[in-house]
Every structure is written in C-alpha cells, then in structure tokens.
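Colleague: So here's model_8.csv (CSV, C-alpha atoms).
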```csv
chain,number,residue,atom,x,y,z
A,1,MET,CA,40.3,61.3,163.1
A,2,ASP,CA,38.0,60.0,165.7
A,3,ILE,CA,35.6,58.4,163.2
A,4,THR,CA,38.4,56.5,161.5
A,5,ILE,CA,39.7,55.1,164.7
A,6,ASN,CA,36.2,53.8,165.6
A,7,HIS,CA,35.8,51.9,162.3
A,8,GLN,CA,39.2,50.3,162.7
A,9,ARG,CA,38.3,49.1,166.2
A,10,LEU,CA,35.1,47.7,165.0
A,11,ASP,CA,36.8,45.8,162.2
A,12,GLY,CA,39.4,44.3,164.6
A,13,HIS,CA,36.7,43.0,167.0
A,14,ALA,CA,34.7,41.5,164.1
A,15,ILE,CA,37.8,39.6,162.9
A,16,ILE,CA,38.5,38.2,166.4
A,17,TRP,CA,34.9,37.0,166.7
A,18,ALA,CA,35.0,35.4,163.3
A,19,ILE,CA,38.2,33.6,164.1
A,20,SER,CA,36.8,32.4,167.5
A,21,ALA,CA,33.6,31.1,165.9
A,22,SER,CA,35.6,29.3,163.2
A,23,ILE,CA,37.8,27.6,165.8
A,24,LEU,CA,34.8,26.5,167.9
A,25,LEU,CA,33.1,25.2,164.8
A,26,HIS,CA,36.2,23.1,163.9
A,27,ILE,CA,36.4,21.7,167.5
A,28,PHE,CA,32.7,20.8,167.4
A,29,VAL,CA,33.1,19.0,164.1
A,30,ALA,CA,36.3,17.2,165.3
A,31,VAL,CA,34.7,16.0,168.6
A,32,VAL,CA,31.0,15.5,167.9
A,33,VAL,CA,31.0,14.3,164.3
A,34,PRO,CA,33.2,11.1,164.6
A,35,SER,CA,31.0,9.8,167.5
A,36,PHE,CA,27.8,10.6,165.7
A,37,ASP,CA,26.0,7.5,164.3
A,38,PHE,CA,24.9,8.3,160.7
A,39,SER,CA,23.2,4.9,160.2
A,40,THR,CA,19.5,5.7,159.8
A,41,GLU,CA,18.2,2.2,159.9
A,42,LYS,CA,19.0,-0.2,162.7
A,43,GLU,CA,19.1,-3.8,162.1
A,44,GLU,CA,15.8,-5.2,163.1
A,45,LYS,CA,15.9,-8.4,165.1
A,46,PRO,CA,13.5,-11.1,163.9
A,47,LEU,CA,10.5,-11.4,166.0
A,48,VAL,CA,10.1,-14.8,167.6
A,49,LEU,CA,6.5,-16.0,167.9
A,50,LYS,CA,6.0,-18.3,170.9
A,51,ILE,CA,2.9,-20.5,170.5
A,52,GLU,CA,1.7,-22.4,173.5
A,53,LEU,CA,-0.9,-25.2,173.1
A,54,GLN,CA,-3.5,-25.1,175.8
A,55,GLN,CA,-4.7,-28.5,176.9
A,56,PRO,CA,-8.5,-29.0,176.7
A,57,GLU,CA,-10.1,-28.9,180.1
A,58,ALA,CA,-11.5,-32.2,181.3
A,59,PRO,CA,-15.2,-32.4,180.8
A,60,ALA,CA,-17.2,-31.7,183.8
A,61,PRO,CA,-18.8,-34.8,185.3
A,62,ALA,CA,-22.4,-35.2,184.2
A,63,ALA,CA,-24.8,-33.9,186.7
A,64,VAL,CA,-26.6,-36.7,188.5
A,65,ILE,CA,-30.3,-36.1,188.1
A,66,ALA,CA,-31.9,-36.8,191.4
A,67,PRO,CA,-35.1,-38.9,191.1
A,68,LEU,CA,-38.2,-36.9,191.3
A,69,PRO,CA,-40.2,-37.2,194.5
A,70,PRO,CA,-43.3,-39.4,194.1
A,71,ILE,CA,-46.3,-37.5,193.2
A,72,ASP,CA,-49.3,-38.2,195.3
A,73,ILE,CA,-52.2,-38.7,192.9
A,74,PRO,CA,-55.4,-38.1,194.8
A,75,GLU,CA,-57.8,-41.0,194.5
A,76,PRO,CA,-61.0,-40.2,192.6
A,77,PRO,CA,-64.0,-39.9,194.7
A,78,LYS,CA,-66.1,-43.0,194.9
A,79,PRO,CA,-69.4,-42.7,193.2
A,80,GLU,CA,-72.3,-42.6,195.6
A,81,PRO,CA,-74.6,-45.6,195.3
A,82,ILE,CA,-77.8,-44.7,193.4
A,83,LYS,CA,-80.7,-45.0,195.7
A,84,LYS,CA,-83.5,-46.9,194.1
A,85,GLU,CA,-86.9,-45.5,194.9
A,86,PRO,CA,-89.2,-48.3,196.1
A,87,LYS,CA,-91.9,-49.0,193.7
A,88,PRO,CA,-95.4,-48.6,195.1
A,89,ILE,CA,-97.0,-52.0,195.7
A,90,ILE,CA,-100.3,-52.2,193.9
A,91,LYS,CA,-102.7,-54.5,195.6
A,92,PRO,CA,-105.0,-56.4,193.3
A,93,GLU,CA,-108.6,-55.8,193.7
A,94,PRO,CA,-110.6,-58.7,195.1
A,95,VAL,CA,-112.5,-60.7,192.5
A,96,LYS,CA,-116.1,-60.8,193.1
A,97,LYS,CA,-117.5,-64.3,193.2
A,98,VAL,CA,-120.5,-65.0,190.9
A,99,VAL,CA,-122.9,-67.4,192.3
A,100,VAL,CA,-124.2,-69.8,189.6
A,101,PRO,CA,-127.4,-71.6,190.4
A,102,GLU,CA,-127.2,-75.3,190.2
A,103,PRO,CA,-129.2,-77.0,187.4
A,104,ILE,CA,-132.2,-79.0,188.5
A,105,SER,CA,-131.6,-82.6,187.7
A,106,GLN,CA,-134.4,-84.4,185.9
A,107,PRO,CA,-134.8,-88.2,185.7
A,108,GLU,CA,-133.8,-89.8,182.4
A,109,VAL,CA,-136.5,-91.7,180.7
A,110,THR,CA,-135.2,-94.6,178.5
A,111,PRO,CA,-137.6,-96.0,176.0
A,112,PRO,CA,-137.9,-99.8,175.8
A,113,GLN,CA,-135.8,-101.4,173.1
A,114,PRO,CA,-136.5,-104.6,171.3
A,115,VAL,CA,-134.0,-107.3,171.9
A,116,GLU,CA,-132.5,-108.7,168.7
A,117,ASN,CA,-129.7,-111.2,168.2
A,118,VAL,CA,-127.4,-108.9,166.4
A,119,ILE,CA,-123.7,-109.0,166.8
A,120,ALA,CA,-122.3,-105.5,166.5
A,121,VAL,CA,-118.6,-105.0,165.6
A,122,ALA,CA,-117.1,-101.8,166.6
A,123,PRO,CA,-115.5,-100.0,163.6
A,124,SER,CA,-111.7,-100.0,163.7
A,125,THR,CA,-110.1,-96.6,163.6
A,126,GLU,CA,-106.5,-97.9,163.1
A,127,ARG,CA,-105.1,-97.8,159.6
A,128,LEU,CA,-102.6,-100.1,158.2
A,129,PRO,CA,-99.3,-98.4,157.3
A,130,GLU,CA,-98.9,-97.8,153.6
A,131,ILE,CA,-95.8,-99.4,152.0
A,132,VAL,CA,-94.5,-97.2,149.2
A,133,VAL,CA,-92.3,-99.2,146.8
A,134,PRO,CA,-89.9,-96.8,144.9
A,135,THR,CA,-90.0,-97.2,141.2
A,136,PRO,CA,-86.5,-98.1,139.9
A,137,THR,CA,-85.0,-95.2,137.9
A,138,PRO,CA,-83.0,-96.2,134.8
A,139,THR,CA,-79.3,-95.9,135.5
A,140,GLU,CA,-76.7,-95.4,132.8
A,141,PRO,CA,-74.0,-98.0,132.7
A,142,PRO,CA,-70.6,-96.6,133.9
A,143,PRO,CA,-68.2,-95.6,131.2
A,144,PRO,CA,-65.5,-98.2,130.4
A,145,PRO,CA,-62.2,-97.5,132.1
A,146,GLU,CA,-59.6,-95.7,130.2
A,147,PRO,CA,-56.9,-98.0,128.8
A,148,SER,CA,-53.5,-97.7,130.5
A,149,GLN,CA,-50.4,-96.6,128.6
A,150,VAL,CA,-49.0,-100.1,128.9
A,151,ASP,CA,-52.1,-101.5,127.0
A,152,ILE,CA,-51.8,-98.8,124.4
A,153,ASP,CA,-48.1,-99.5,123.7
A,154,ALA,CA,-48.7,-103.3,123.5
A,155,ALA,CA,-51.6,-102.7,121.1
A,156,LYS,CA,-49.4,-100.5,118.9
A,157,ASN,CA,-46.6,-103.1,118.8
A,158,ALA,CA,-49.0,-105.8,117.7
A,159,TYR,CA,-50.7,-103.6,115.2
A,160,GLY,CA,-47.3,-102.4,113.8
A,161,ASN,CA,-46.3,-106.0,113.1
A,162,LEU,CA,-49.6,-106.6,111.3
A,163,LEU,CA,-49.0,-103.5,109.2
A,164,GLY,CA,-45.5,-104.6,108.4
A,165,ARG,CA,-46.7,-108.0,107.1
A,166,THR,CA,-49.5,-106.3,105.1
A,167,ILE,CA,-47.0,-103.8,103.4
A,168,ALA,CA,-44.5,-106.6,102.7
A,169,LYS,CA,-47.1,-108.2,100.4
A,170,TYR,CA,-46.7,-105.3,98.0
A,171,LYS,CA,-42.9,-105.2,98.1
A,172,SER,CA,-41.1,-104.6,94.8
A,173,TYR,CA,-37.4,-103.9,94.5
A,174,PRO,CA,-36.4,-100.9,92.4
A,175,LYS,CA,-34.3,-102.0,89.3
A,176,ILE,CA,-31.7,-99.3,89.7
A,177,ALA,CA,-31.2,-100.5,93.4
A,178,GLN,CA,-30.8,-104.1,92.2
A,179,ARG,CA,-28.2,-103.2,89.5
A,180,ARG,CA,-26.2,-101.1,92.0
A,181,GLY,CA,-26.7,-103.4,95.0
A,182,TRP,CA,-28.4,-100.9,97.2
A,183,GLN,CA,-29.8,-102.2,100.5
A,184,GLY,CA,-31.4,-100.6,103.6
A,185,THR,CA,-34.4,-100.1,105.9
A,186,ALA,CA,-36.7,-97.1,105.6
A,187,LEU,CA,-38.6,-96.3,108.9
A,188,LEU,CA,-42.0,-94.9,108.1
A,189,ASP,CA,-44.2,-92.8,110.4
A,190,LEU,CA,-47.9,-93.5,109.7
A,191,LYS,CA,-50.9,-91.5,111.0
A,192,ILE,CA,-53.9,-93.8,111.1
A,193,ASP,CA,-57.5,-93.3,112.1
A,194,SER,CA,-59.8,-95.7,114.0
A,195,ASN,CA,-60.9,-97.4,110.8
A,196,GLY,CA,-57.4,-98.2,109.5
A,197,ASN,CA,-57.2,-95.4,106.9
A,198,VAL,CA,-53.8,-93.8,106.4
A,199,LEU,CA,-54.0,-90.1,107.0
A,200,SER,CA,-50.3,-89.3,106.3
A,201,ALA,CA,-47.1,-91.2,105.7
A,202,VAL,CA,-43.6,-89.7,106.0
A,203,VAL,CA,-40.1,-91.2,106.1
A,204,ARG,CA,-38.9,-90.9,109.7
A,205,GLU,CA,-35.4,-92.5,109.1
A,206,SER,CA,-34.1,-92.8,105.5
A,207,SER,CA,-32.6,-96.1,104.2
A,208,GLY,CA,-29.8,-94.1,102.7
A,209,TYR,CA,-31.2,-94.1,99.1
A,210,ASP,CA,-34.1,-92.0,97.7
A,211,ALA,CA,-35.2,-94.8,95.4
A,212,LEU,CA,-35.8,-97.2,98.3
A,213,ASP,CA,-37.6,-94.5,100.4
A,214,LYS,CA,-39.9,-93.7,97.6
A,215,ARG,CA,-40.7,-97.3,96.9
A,216,ALA,CA,-41.6,-97.8,100.6
A,217,LEU,CA,-44.1,-95.0,100.5
A,218,GLU,CA,-45.6,-96.5,97.3
A,219,MET,CA,-46.0,-99.8,99.0
A,220,VAL,CA,-48.0,-98.2,101.9
A,221,GLU,CA,-50.3,-96.4,99.4
A,222,LYS,CA,-51.0,-99.7,97.7
A,223,ALA,CA,-51.7,-101.6,101.0
A,224,SER,CA,-54.0,-99.1,102.5
A,225,PRO,CA,-56.6,-99.1,103.9
A,226,PHE,CA,-55.3,-101.4,106.6
A,227,PRO,CA,-57.3,-103.7,108.8
A,228,ALA,CA,-59.1,-102.1,111.7
A,229,PRO,CA,-56.9,-101.5,114.8
A,230,PRO,CA,-57.5,-103.2,118.1
A,231,LYS,CA,-60.3,-101.8,120.4
A,232,VAL,CA,-57.8,-100.1,122.6
A,233,LEU,CA,-56.8,-97.9,119.7
A,234,GLN,CA,-60.2,-97.3,118.3
A,235,GLY,CA,-62.0,-94.0,118.7
A,236,ARG,CA,-58.8,-92.0,118.2
A,237,THR,CA,-56.1,-91.2,115.7
A,238,PHE,CA,-52.6,-92.4,116.5
A,239,ASN,CA,-49.1,-92.5,115.0
A,240,ILE,CA,-47.3,-95.7,114.5
A,241,SER,CA,-43.8,-96.5,113.1
A,242,VAL,CA,-43.4,-99.3,110.6
A,243,PRO,CA,-40.0,-100.4,109.2
A,244,VAL,CA,-39.7,-101.5,105.5
A,245,ALA,CA,-36.5,-103.4,104.8
A,246,PHE,CA,-34.9,-103.9,101.4
A,247,LYS,CA,-32.4,-106.7,101.1
A,248,LEU,CA,-30.9,-108.5,98.1
A,249,SER,CA,-30.8,-112.3,98.2
A,250,ASN,CA,-27.5,-113.9,97.2
A,251,GLY,CA,-27.7,-115.7,93.8
```
Would you mind writing the file's structure down as structure tokens?

Modeller:
Amino acid sequence: MDITINHQRLDGHAIIWAISASILLHIFVAVVVPSFDFSTEKEEKPLVLKIELQQPEAPAPAAVIAPLPPIDIPEPPKPEPIKKEPKPIIKPEPVKKVVVPEPISQPEVTPPQPVENVIAVAPSTERLPEIVVPTPTPTEPPPPPEPSQVDIDAAKNAYGNLLGRTIAKYKSYPKIAQRRGWQGTALLDLKIDSNGNVLSAVVRESSGYDALDKRALEMVEKASPFPAPPKVLQGRTFNISVPVAFKLSNG
C-alpha cells in the first residue's frame, strides 16, 4: 500500500512541474519573441570619402650665398740678385824694347853723265775709254693687227655681192617652172676657202620649189671656183650667204 501511494505522489508532482514549465515557456515566447529582431543583416550606410586637397607649400626663399672672404695670396719671394764674381784683372806683361842699331850713312857717288840735247817724254799711263758699239740684232716685224668684226662683215657683204653677180652669169630658168609660172628666191649658204674654192653649198632658205632650188645649186657649181676673197678674209675658211632669185619677165 505504501509503495503505491509513493508512485502516485511522484506522478502528481511531475505533472505539476511539467505544466509549470510549459506555462513559463509560453510566457517567454509571447514576451521575448515579438521584440526579438530576426533581421540578420543591417542596412549598411554608404561610406562617404572626404578628400581634402592640400595646398603646396610656398618654396622657401633661396639662400643668399654670402661672398667668400678675400683670400690672402702670399707674394712669392723675390729672387735674390745673383752676385757676379769679379773677374781677375790680368795685367799685360811689359814689352821689351829691342834696340836696333842705326845704319851708317855712306856718301852717294854720282858718275858724270854726258849732256845731250834729248827731249824725253814721260810715258802716259792713262788709257782712253773704249767705246763699245752694240751690233744691231735683227728684229722680226710685228704681226699685223687682227681685223675687227666690222671689217670682216663689210668684206663679206662686198664679196657676197661679187658672188651673186658671178652666179647670175650662169642663170637658166627651168622649163617646168616657166610653164607653170613658178618664181622665188633661194638663199644659199656657201663655205669657201681663202682661194675662192667652194667647199660646200646648201639651201638655207627654199624658194618654195624644188626645181628652182636644184637649179640654184647647179649654177654655183658651174661658177666655181670664184675670185679670191679680200685680204681680210684670206687665210681662213668662212661661210657666206648668197641669194639666187628666179623671176619671170612679162611678155
């Protein structure tokens, strides 16, 4: 009986403690849980960086360099004068006098001379100056002066007129030019030597017709050799221009 009663008492106490613990647990949950902050992360405020610019410090004034104190340079010691040793004075030895005995003078004896009437002329020692006459050396005559360009041009004009008259003596009109009425002047360039020989002849300016140009060259060939050129043009070859005109006479 006693054992049973003890178990019932123990069960009744356990139930009371369990009910009390449950009530305390509900009160704790009802009071503490609502005020509990379940947010695990807090809002982080942005960090504000404050940058301050520091003004550069003013440069320090340049240090004034004080002038250096003058440096005393010691004067170099003056050289001592060189003492010259006196040279010993050498006295010349006295010259011994030599006594020369005086010659004994003897009287001159002049033999008697015959007196003759002879006129003696002292010979002359002076010589007359010699005059040297230089022999003339043969001198070559100076070369003749070179002719000026004006003289050369005048001689060419005169000689060109002479050649024109000489060529005109051999003029013959081509028949084809006569039938067709061709007229013109062929200007010829002639190269001539100092003897009047024609070295070359070319048509410098055409008359406009080949027949007239060829006939002008044939006339030059028949008229050569020409008379000798003037002295100004001799001794050289030269070129000269000669016009050869072809004109038909009316009627």

Colleague: Just give me the gap between CA of Trp182 in chain A and CA of Tyr209 in chain A in Å, one decimal is fine.

Modeller: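 These two atoms are separated by 7.6 Å.
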
Colleague: Between CA of Ile152 in chain A and CA of Arg236 in chain A, what is the spacing in Å?

Modeller: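 That distance, rounded to one decimal, is 11.6 Å.
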
Colleague: Could you jot down the CA of Phe238 in chain A to CA of Gly184 in chain A separation for me, Å, one decimal place?

Modeller: 26.1 Å

Colleague: Rank nothing, just name the residue among A:Pro142, A:Pro230, A:Asp153, A:Val242 nearest to Lys191 in chain A, using only C-alpha atoms.

Modeller: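 Selected residue with least distance to Lys191 in chain A: A:Val242.
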
Colleague: Within 12 Å of (-45.3, -99.5, 118.8) (file coordinates; only C-alpha atoms), which protein or nucleic acid residues are there? I'd like them as an mmCIF file with C-alpha atoms, in the coordinates of the input.

Modeller:
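Final output, saved to selection-v9.cif:
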```cif
data_model
loop_
_atom_site.group_PDB
_atom_site.id
_atom_site.type_symbol
_atom_site.label_atom_id
_atom_site.label_comp_id
_atom_site.auth_asym_id
_atom_site.auth_seq_id
_atom_site.Cartn_x
_atom_site.Cartn_y
_atom_site.Cartn_z
ATOM 1 C CA GLN A 149 -50.400 -96.600 128.600
ATOM 2 C CA VAL A 150 -49.000 -100.100 128.900
ATOM 3 C CA ASP A 151 -52.100 -101.500 127.000
ATOM 4 C CA ILE A 152 -51.800 -98.800 124.400
ATOM 5 C CA ASP A 153 -48.100 -99.500 123.700
ATOM 6 C CA ALA A 154 -48.700 -103.300 123.500
ATOM 7 C CA ALA A 155 -51.600 -102.700 121.100
ATOM 8 C CA LYS A 156 -49.400 -100.500 118.900
ATOM 9 C CA ASN A 157 -46.600 -103.100 118.800
ATOM 10 C CA ALA A 158 -49.000 -105.800 117.700
ATOM 11 C CA TYR A 159 -50.700 -103.600 115.200
ATOM 12 C CA GLY A 160 -47.300 -102.400 113.800
ATOM 13 C CA ASN A 161 -46.300 -106.000 113.100
ATOM 14 C CA LEU A 162 -49.600 -106.600 111.300
ATOM 15 C CA LEU A 163 -49.000 -103.500 109.200
ATOM 16 C CA GLY A 164 -45.500 -104.600 108.400
ATOM 17 C CA ASP A 189 -44.200 -92.800 110.400
ATOM 18 C CA LEU A 190 -47.900 -93.500 109.700
ATOM 19 C CA LEU A 233 -56.800 -97.900 119.700
ATOM 20 C CA PHE A 238 -52.600 -92.400 116.500
ATOM 21 C CA ASN A 239 -49.100 -92.500 115.000
ATOM 22 C CA ILE A 240 -47.300 -95.700 114.500
ATOM 23 C CA SER A 241 -43.800 -96.500 113.100
ATOM 24 C CA VAL A 242 -43.400 -99.300 110.600
ATOM 25 C CA PRO A 243 -40.000 -100.400 109.200
#
```

Colleague: Considering all atoms listed in the file, state which residue in the set A:Ser224, A:Leu248, A:Ile27, A:Pro229 is at the smallest distance from Tyr170 in chain A.

Modeller: A:Ser224

Colleague: Taking (-58.6, -100.8, 112.0) as a centre in this file's frame and 10 Å as the limit, can you find every polymer residue with an atom that close, using only C-alpha atoms, and give them as a list in words?

Modeller: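 The requested residues, written out, are Tyr159, Ile192, Asp193, Ser194, Asn195, Gly196, Asn197, Pro225, Phe226, Pro227, Ala228, Pro229, Pro230, Lys231, Leu233 and Gln234 of chain A.
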
Colleague: Show me, as lines of an AutoDock Vina configuration file, the centre and edge lengths in Å to one decimal of the axis-aligned box that covers every listed atom of range 217-223 of chain A with 4 Å on each side.

Modeller:
```
center_x = -47.9
center_y = -98.3
center_z = 99.6
size_x = 15.6
size_y = 14.6
size_z = 12.6
```

Colleague: Which of these, A:Ala211, A:Leu217, A:Val202, A:Ala30, has the shortest distance to Ile176 in chain A once you count all atoms listed in the file?

Modeller: A:Ala211

Colleague: Which is closest to Gln178 in chain A among A:Ile23, A:Val31, A:Leu212, A:Leu199, if we use all atoms listed in the file?

Modeller: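 Closest residue, counting all atoms listed in the file: A:Leu212.
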